[in-house]
Amino acid sequence: MKNFKKTQLIKTSKLVLIAITMVFVSCSNNEDDDMIKEQSITAANFESYTSYSDNGYTNIQFGDVINNSFTPIIKVENYNDAYNYSIVIKGDYLENEYKVALTFDKIDEYGETILKFDKAEFDAVPDTYQAYVLEEDSNTEVIINNAPNQGERTYYVYDADNSEYLYDIFFKTSSTNYTIPNNINLSNTFYLGYLNSVNFSTGLNLKLFVYDAALNTLGSTDVSSFGGTNSINGSSLSFITESGDYIFQIVGTPKVVGGEYSARKSTYKTMSVNIN
């Protein structure tokens with residue numbers, strides 16, 4: 001009733017109505033609070049991955065891709081079998097979120113709880129994603145860590161079964177050196193590799209699009225693709241007039257309109273650009 005002390009005198013009928021409303025809201029809030037239970041889960045990690053290399057991160061692909069050794073299971077600590085759980089993936093660039101139910105799989109030989117999910121239930125647009133376990137009953141999100149044998153390596157999740165997915169791209173120092181460069185120089189040719197996957201680029205014209213930090217399109221240029229590497233002549237990006245960080249994406253459009261191939265997009269990647 002504290003709010004009443006700060007208001008001017010009003011008609012009794014209105015005062016009673018306000019009082020009833022406040023009691024109702026207060027009761028509703030208490031009921032909501034009672035529904036949020038104590039957090040149980042404390043940690044989670046993937047148990048497998050699709051691939052990794054010297055490009056600096058682990059690849060986890062949800063989908064039917066070549067030699068995909070990823071198994072859709074997650075090890076969790078302090079699992080509560082009375083609670084409900086989901087896996088949530090959050091996009092790094094587009095900030096979309098997708099959620100799929102997690103169900104109990106087994107207790108492994110170390111006494112740890114393993115949960116599983118159906119990766120085919122995801123339909124996530126091309127982007128890189130980070131993954132979380134949502135403990136529904138406590139409304140708690142715990143980030144899913146990389147597989148233990150990957151150490152401190154960052155991982156990216158992709159939905160390779162999405163109808164628009166082309167492939168994941170990463171910058172390379174040269175056509176044969178998979179180390180990520182510190183920056184690219186527009187006075188030279190630079191290289192983008194892509195993950196082993198179904199060759200969706202067949203039948204598509206490929207262009208490299210460049211965006212600013214707000215994902216506004218700055219321009220595009222044709223891509224020369226061969227043997228798992230996309231090469232780009234830096235001078236073709238003359239629309240970049242200042243050194244700095246930019247976002248890159250490869251977009252494929254059908255060579256034949258109405259043919260068997262559909263438009264597809266790669267993931268996004270950020271890279272520092274030197275215009276000198």
# chains A, B, ... in the order shown; residues from 1 in each chain; ligands from 1
>>> residues_around(residues="Asp92 in chain A", least_positions_apart="6", cutoff="7 Å", atoms="only C-alpha atoms", output="list in words")
Asp127, Thr128 and Tyr129 of chain A
>>> residues_around(residues="Lys116 in chain A", least_positions_apart="2", cutoff="7 Å", atoms="only C-alpha atoms", output="list of chain:residue names")
A:Pro72, A:Ile73, A:Ile74, A:Leu102, A:Thr103, A:Phe104, A:Asp105, A:Ile114
>>> residues_around(residues="Glu152 in chain A", least_positions_apart="4", cutoff="12 Å", atoms="only C-alpha atoms", output="list in words")
Gly56, Tyr57, Thr58, Asn145, Asn146, Ala147 and Pro148 of chain A
>>> write_last_selection(atoms="N, CA and C atoms", output="PDB file, in the first residue's frame")
ATOM      1  N   GLY A  56      42.216 -22.685 -35.897  1.00  0.00           N
ATOM      2  CA  GLY A  56      42.007 -22.067 -34.599  1.00  0.00           C
ATOM      3  C   GLY A  56      40.716 -22.397 -33.889  1.00  0.00           C
ATOM      4  N   TYR A  57      39.818 -23.159 -34.485  1.00  0.00           N
ATOM      5  CA  TYR A  57      38.580 -23.476 -33.785  1.00  0.00           C
ATOM      6  C   TYR A  57      38.043 -24.846 -34.186  1.00  0.00           C
ATOM      7  N   THR A  58      37.104 -25.316 -33.376  1.00  0.00           N
ATOM      8  CA  THR A  58      36.461 -26.605 -33.601  1.00  0.00           C
ATOM      9  C   THR A  58      35.153 -26.393 -34.353  1.00  0.00           C
ATOM     10  N   ASN A 145      30.414 -26.293 -22.987  1.00  0.00           N
ATOM     11  CA  ASN A 145      31.832 -26.193 -23.303  1.00  0.00           C
ATOM     12  C   ASN A 145      32.205 -27.149 -24.424  1.00  0.00           C
ATOM     13  N   ASN A 146      33.358 -26.894 -25.011  1.00  0.00           N
ATOM     14  CA  ASN A 146      33.873 -27.742 -26.080  1.00  0.00           C
ATOM     15  C   ASN A 146      34.171 -29.143 -25.551  1.00  0.00           C
ATOM     16  N   ALA A 147      34.333 -30.095 -26.465  1.00  0.00           N
ATOM     17  CA  ALA A 147      34.720 -31.446 -26.066  1.00  0.00           C
ATOM     18  C   ALA A 147      36.031 -31.382 -25.283  1.00  0.00           C
ATOM     19  N   PRO A 148      36.179 -32.164 -24.215  1.00  0.00           N
ATOM     20  CA  PRO A 148      37.353 -32.060 -23.338  1.00  0.00           C
ATOM     21  C   PRO A 148      38.691 -32.158 -24.057  1.00  0.00           C
TER      22      PRO A 148
END
>>> residues_around(residues="Ala214 in chain A", least_positions_apart="3", cutoff="10 Å", atoms="only C-alpha atoms", output="list in words")
Tyr93, Leu94, Tyr211, Thr217, Tyr246 and Ile247 of chain A
>>> residues_around(residues="Thr241 in chain A", least_positions_apart="4", cutoff="12 Å", atoms="only C-alpha atoms", output="list in words")
Leu186, Asp212, Leu218, Gly219, Ser235, Ser236, Leu237, Asp245, Tyr246, Val273, Asn274, Ile275 and Asn276 of chain A
>>> residues_around(residues="Phe70 in chain A", least_positions_apart="4", cutoff="10 Å", atoms="only C-alpha atoms", output="ChimeraX atom specification")
/A:46-51,59-63,65
>>> closest_residue(among="A:Ile89, A:Met271, A:Ile240, A:Leu134", to="Phe190 in chain A", atoms="only C-alpha atoms")
A:Met271
>>> atom_distance(atom1="CA of Phe209 in chain A", atom2="CA of Gln249 in chain A")
5.3 Å
>>> residues_around(residues="Ser225 in chain A", least_positions_apart="4", cutoff="12 Å", atoms="only C-alpha atoms", output="list in words")
Ser175, Tyr191, Leu192, Gly193, Tyr194, Asn199, Ser201, Thr202, Leu204, Asn205, Leu206, Lys207, Leu208, Thr229, Asn230, Ser231, Ile232, Ile250 and Gly252 of chain A
>>> write_last_selection(atoms="all heavy atoms", output="CSV table (one decimal), in the first residue's frame")
chain,number,residue,atom,x,y,z
A,175,SER,N,47.0,-20.3,-50.0
A,175,SER,CA,46.2,-21.4,-50.5
A,175,SER,C,46.5,-22.7,-49.8
A,175,SER,O,45.6,-23.6,-49.8
A,175,SER,CB,46.4,-21.5,-52.0
A,175,SER,OG,47.7,-21.8,-52.3
A,191,TYR,N,42.8,-15.3,-49.1
A,191,TYR,CA,42.2,-16.6,-49.3
A,191,TYR,C,41.1,-17.0,-48.2
A,191,TYR,O,41.4,-16.6,-47.0
A,191,TYR,CB,43.2,-17.7,-49.3
A,191,TYR,CG,44.3,-17.5,-50.4
A,191,TYR,CD1,45.4,-16.7,-50.1
A,191,TYR,CD2,44.1,-18.0,-51.7
A,191,TYR,CE1,46.4,-16.5,-51.1
A,191,TYR,CE2,45.1,-17.8,-52.7
A,191,TYR,CZ,46.2,-17.0,-52.4
A,191,TYR,OH,47.1,-16.8,-53.4
A,192,LEU,N,40.1,-17.6,-48.6
A,192,LEU,CA,39.0,-18.1,-47.7
A,192,LEU,C,38.9,-19.6,-48.0
A,192,LEU,O,38.6,-20.0,-49.1
A,192,LEU,CB,37.7,-17.4,-47.9
A,192,LEU,CG,37.6,-16.0,-47.4
A,192,LEU,CD1,36.4,-15.3,-48.0
A,192,LEU,CD2,37.4,-16.0,-45.9
A,193,GLY,N,39.1,-20.4,-46.9
A,193,GLY,CA,38.8,-21.8,-47.0
A,193,GLY,C,37.4,-22.1,-46.6
A,193,GLY,O,36.6,-21.2,-46.1
A,194,TYR,N,36.9,-23.3,-46.9
A,194,TYR,CA,35.6,-23.7,-46.4
A,194,TYR,C,35.6,-25.2,-46.0
A,194,TYR,O,36.4,-26.0,-46.5
A,194,TYR,CB,34.5,-23.5,-47.5
A,194,TYR,CG,34.8,-24.0,-48.9
A,194,TYR,CD1,34.5,-25.3,-49.3
A,194,TYR,CD2,35.4,-23.2,-49.8
A,194,TYR,CE1,34.7,-25.8,-50.5
A,194,TYR,CE2,35.7,-23.7,-51.1
A,194,TYR,CZ,35.3,-24.9,-51.5
A,194,TYR,OH,35.6,-25.4,-52.7
A,199,ASN,N,28.9,-30.4,-51.8
A,199,ASN,CA,29.4,-29.3,-52.6
A,199,ASN,C,28.2,-28.5,-53.2
A,199,ASN,O,27.8,-28.6,-54.3
A,199,ASN,CB,30.2,-29.8,-53.8
A,199,ASN,CG,30.9,-28.7,-54.6
A,199,ASN,OD1,30.9,-27.5,-54.2
A,199,ASN,ND2,31.5,-29.0,-55.7
A,201,SER,N,28.0,-25.5,-53.8
A,201,SER,CA,28.4,-24.4,-54.7
A,201,SER,C,28.3,-24.8,-56.2
A,201,SER,O,28.3,-23.9,-57.0
A,201,SER,CB,29.8,-23.9,-54.4
A,201,SER,OG,30.8,-25.0,-54.5
A,202,THR,N,28.2,-26.1,-56.4
A,202,THR,CA,28.0,-26.5,-57.8
A,202,THR,C,26.7,-25.9,-58.4
A,202,THR,O,25.7,-25.9,-57.8
A,202,THR,CB,27.9,-28.0,-57.9
A,202,THR,OG1,29.1,-28.6,-57.4
A,202,THR,CG2,27.7,-28.5,-59.4
A,204,LEU,N,26.3,-22.7,-58.8
A,204,LEU,CA,26.0,-21.4,-58.2
A,204,LEU,C,27.1,-20.4,-58.7
A,204,LEU,O,28.3,-20.8,-58.8
A,204,LEU,CB,26.0,-21.4,-56.7
A,204,LEU,CG,24.9,-22.3,-56.1
A,204,LEU,CD1,25.1,-22.3,-54.6
A,204,LEU,CD2,23.5,-21.9,-56.5
A,205,ASN,N,26.8,-19.2,-58.9
A,205,ASN,CA,27.7,-18.1,-59.0
A,205,ASN,C,28.0,-17.5,-57.6
A,205,ASN,O,27.1,-17.2,-56.9
A,205,ASN,CB,27.1,-17.0,-59.9
A,205,ASN,CG,27.0,-17.4,-61.4
A,205,ASN,OD1,27.8,-18.0,-61.9
A,205,ASN,ND2,25.8,-17.1,-61.9
A,206,LEU,N,29.3,-17.5,-57.3
A,206,LEU,CA,29.7,-17.1,-55.9
A,206,LEU,C,30.2,-15.6,-55.9
A,206,LEU,O,31.0,-15.2,-56.7
A,206,LEU,CB,30.8,-18.0,-55.4
A,206,LEU,CG,30.4,-19.5,-55.3
A,206,LEU,CD1,31.6,-20.3,-54.8
A,206,LEU,CD2,29.2,-19.7,-54.5
A,207,LYS,N,29.7,-14.9,-54.9
A,207,LYS,CA,30.2,-13.6,-54.6
A,207,LYS,C,30.5,-13.4,-53.2
A,207,LYS,O,29.9,-14.0,-52.3
A,207,LYS,CB,29.1,-12.5,-55.0
A,207,LYS,CG,29.0,-12.2,-56.5
A,207,LYS,CD,28.0,-11.1,-56.8
A,207,LYS,CE,28.0,-10.7,-58.2
A,207,LYS,NZ,29.3,-10.1,-58.7
A,208,LEU,N,31.6,-12.7,-52.9
A,208,LEU,CA,32.0,-12.3,-51.5
A,208,LEU,C,31.3,-11.0,-51.2
A,208,LEU,O,31.6,-10.0,-51.8
A,208,LEU,CB,33.5,-12.2,-51.4
A,208,LEU,CG,34.0,-11.8,-50.0
A,208,LEU,CD1,33.7,-12.9,-49.0
A,208,LEU,CD2,35.5,-11.4,-50.0
A,229,THR,N,39.4,-23.9,-51.6
A,229,THR,CA,39.8,-22.5,-51.3
A,229,THR,C,39.2,-21.5,-52.2
A,229,THR,O,39.0,-21.7,-53.5
A,229,THR,CB,41.4,-22.4,-51.5
A,229,THR,OG1,42.0,-23.3,-50.6
A,229,THR,CG2,41.8,-21.0,-51.3
A,230,ASN,N,38.7,-20.4,-51.7
A,230,ASN,CA,38.2,-19.3,-52.4
A,230,ASN,C,39.3,-18.2,-52.4
A,230,ASN,O,39.8,-17.8,-51.4
A,230,ASN,CB,37.0,-18.7,-51.8
A,230,ASN,CG,35.8,-19.7,-51.8
A,230,ASN,OD1,35.5,-20.2,-52.8
A,230,ASN,ND2,35.2,-19.9,-50.6
A,231,SER,N,39.7,-17.7,-53.6
A,231,SER,CA,40.7,-16.7,-53.7
A,231,SER,C,40.0,-15.4,-54.2
A,231,SER,O,39.2,-15.4,-55.0
A,231,SER,CB,41.8,-17.1,-54.7
A,231,SER,OG,41.3,-17.3,-56.0
A,232,ILE,N,40.5,-14.3,-53.6
A,232,ILE,CA,39.9,-13.0,-53.9
A,232,ILE,C,41.0,-12.0,-54.1
A,232,ILE,O,41.9,-11.9,-53.3
A,232,ILE,CB,38.9,-12.5,-52.7
A,232,ILE,CG1,37.7,-13.4,-52.6
A,232,ILE,CG2,38.4,-11.1,-53.0
A,232,ILE,CD1,38.0,-14.5,-51.5
A,250,ILE,N,30.1,-15.4,-48.1
A,250,ILE,CA,30.0,-15.8,-49.5
A,250,ILE,C,28.5,-16.1,-49.8
A,250,ILE,O,27.9,-16.9,-49.0
A,250,ILE,CB,30.9,-17.0,-49.8
A,250,ILE,CG1,32.4,-16.5,-49.8
A,250,ILE,CG2,30.6,-17.5,-51.2
A,250,ILE,CD1,33.4,-17.5,-50.0
A,252,GLY,N,25.9,-17.5,-52.8
A,252,GLY,CA,25.8,-18.2,-54.1
A,252,GLY,C,24.4,-18.1,-54.7
A,252,GLY,O,23.4,-18.3,-54.0
>>> select_by_dssp(residues="range 59-211 of chain A", states="strand (DSSP E or B)", output="ChimeraX atom specification")
/A:59-62,73-77,85-91,97-107,113-116,129-135,140-145,154-159,165,169-172,184-185,189-194,204-211
>>> closest_residue(among="A:Val251, A:Asn177, A:Ser163, A:Gly244", to="Asp222 in chain A", atoms="only C-alpha atoms")
A:Val251
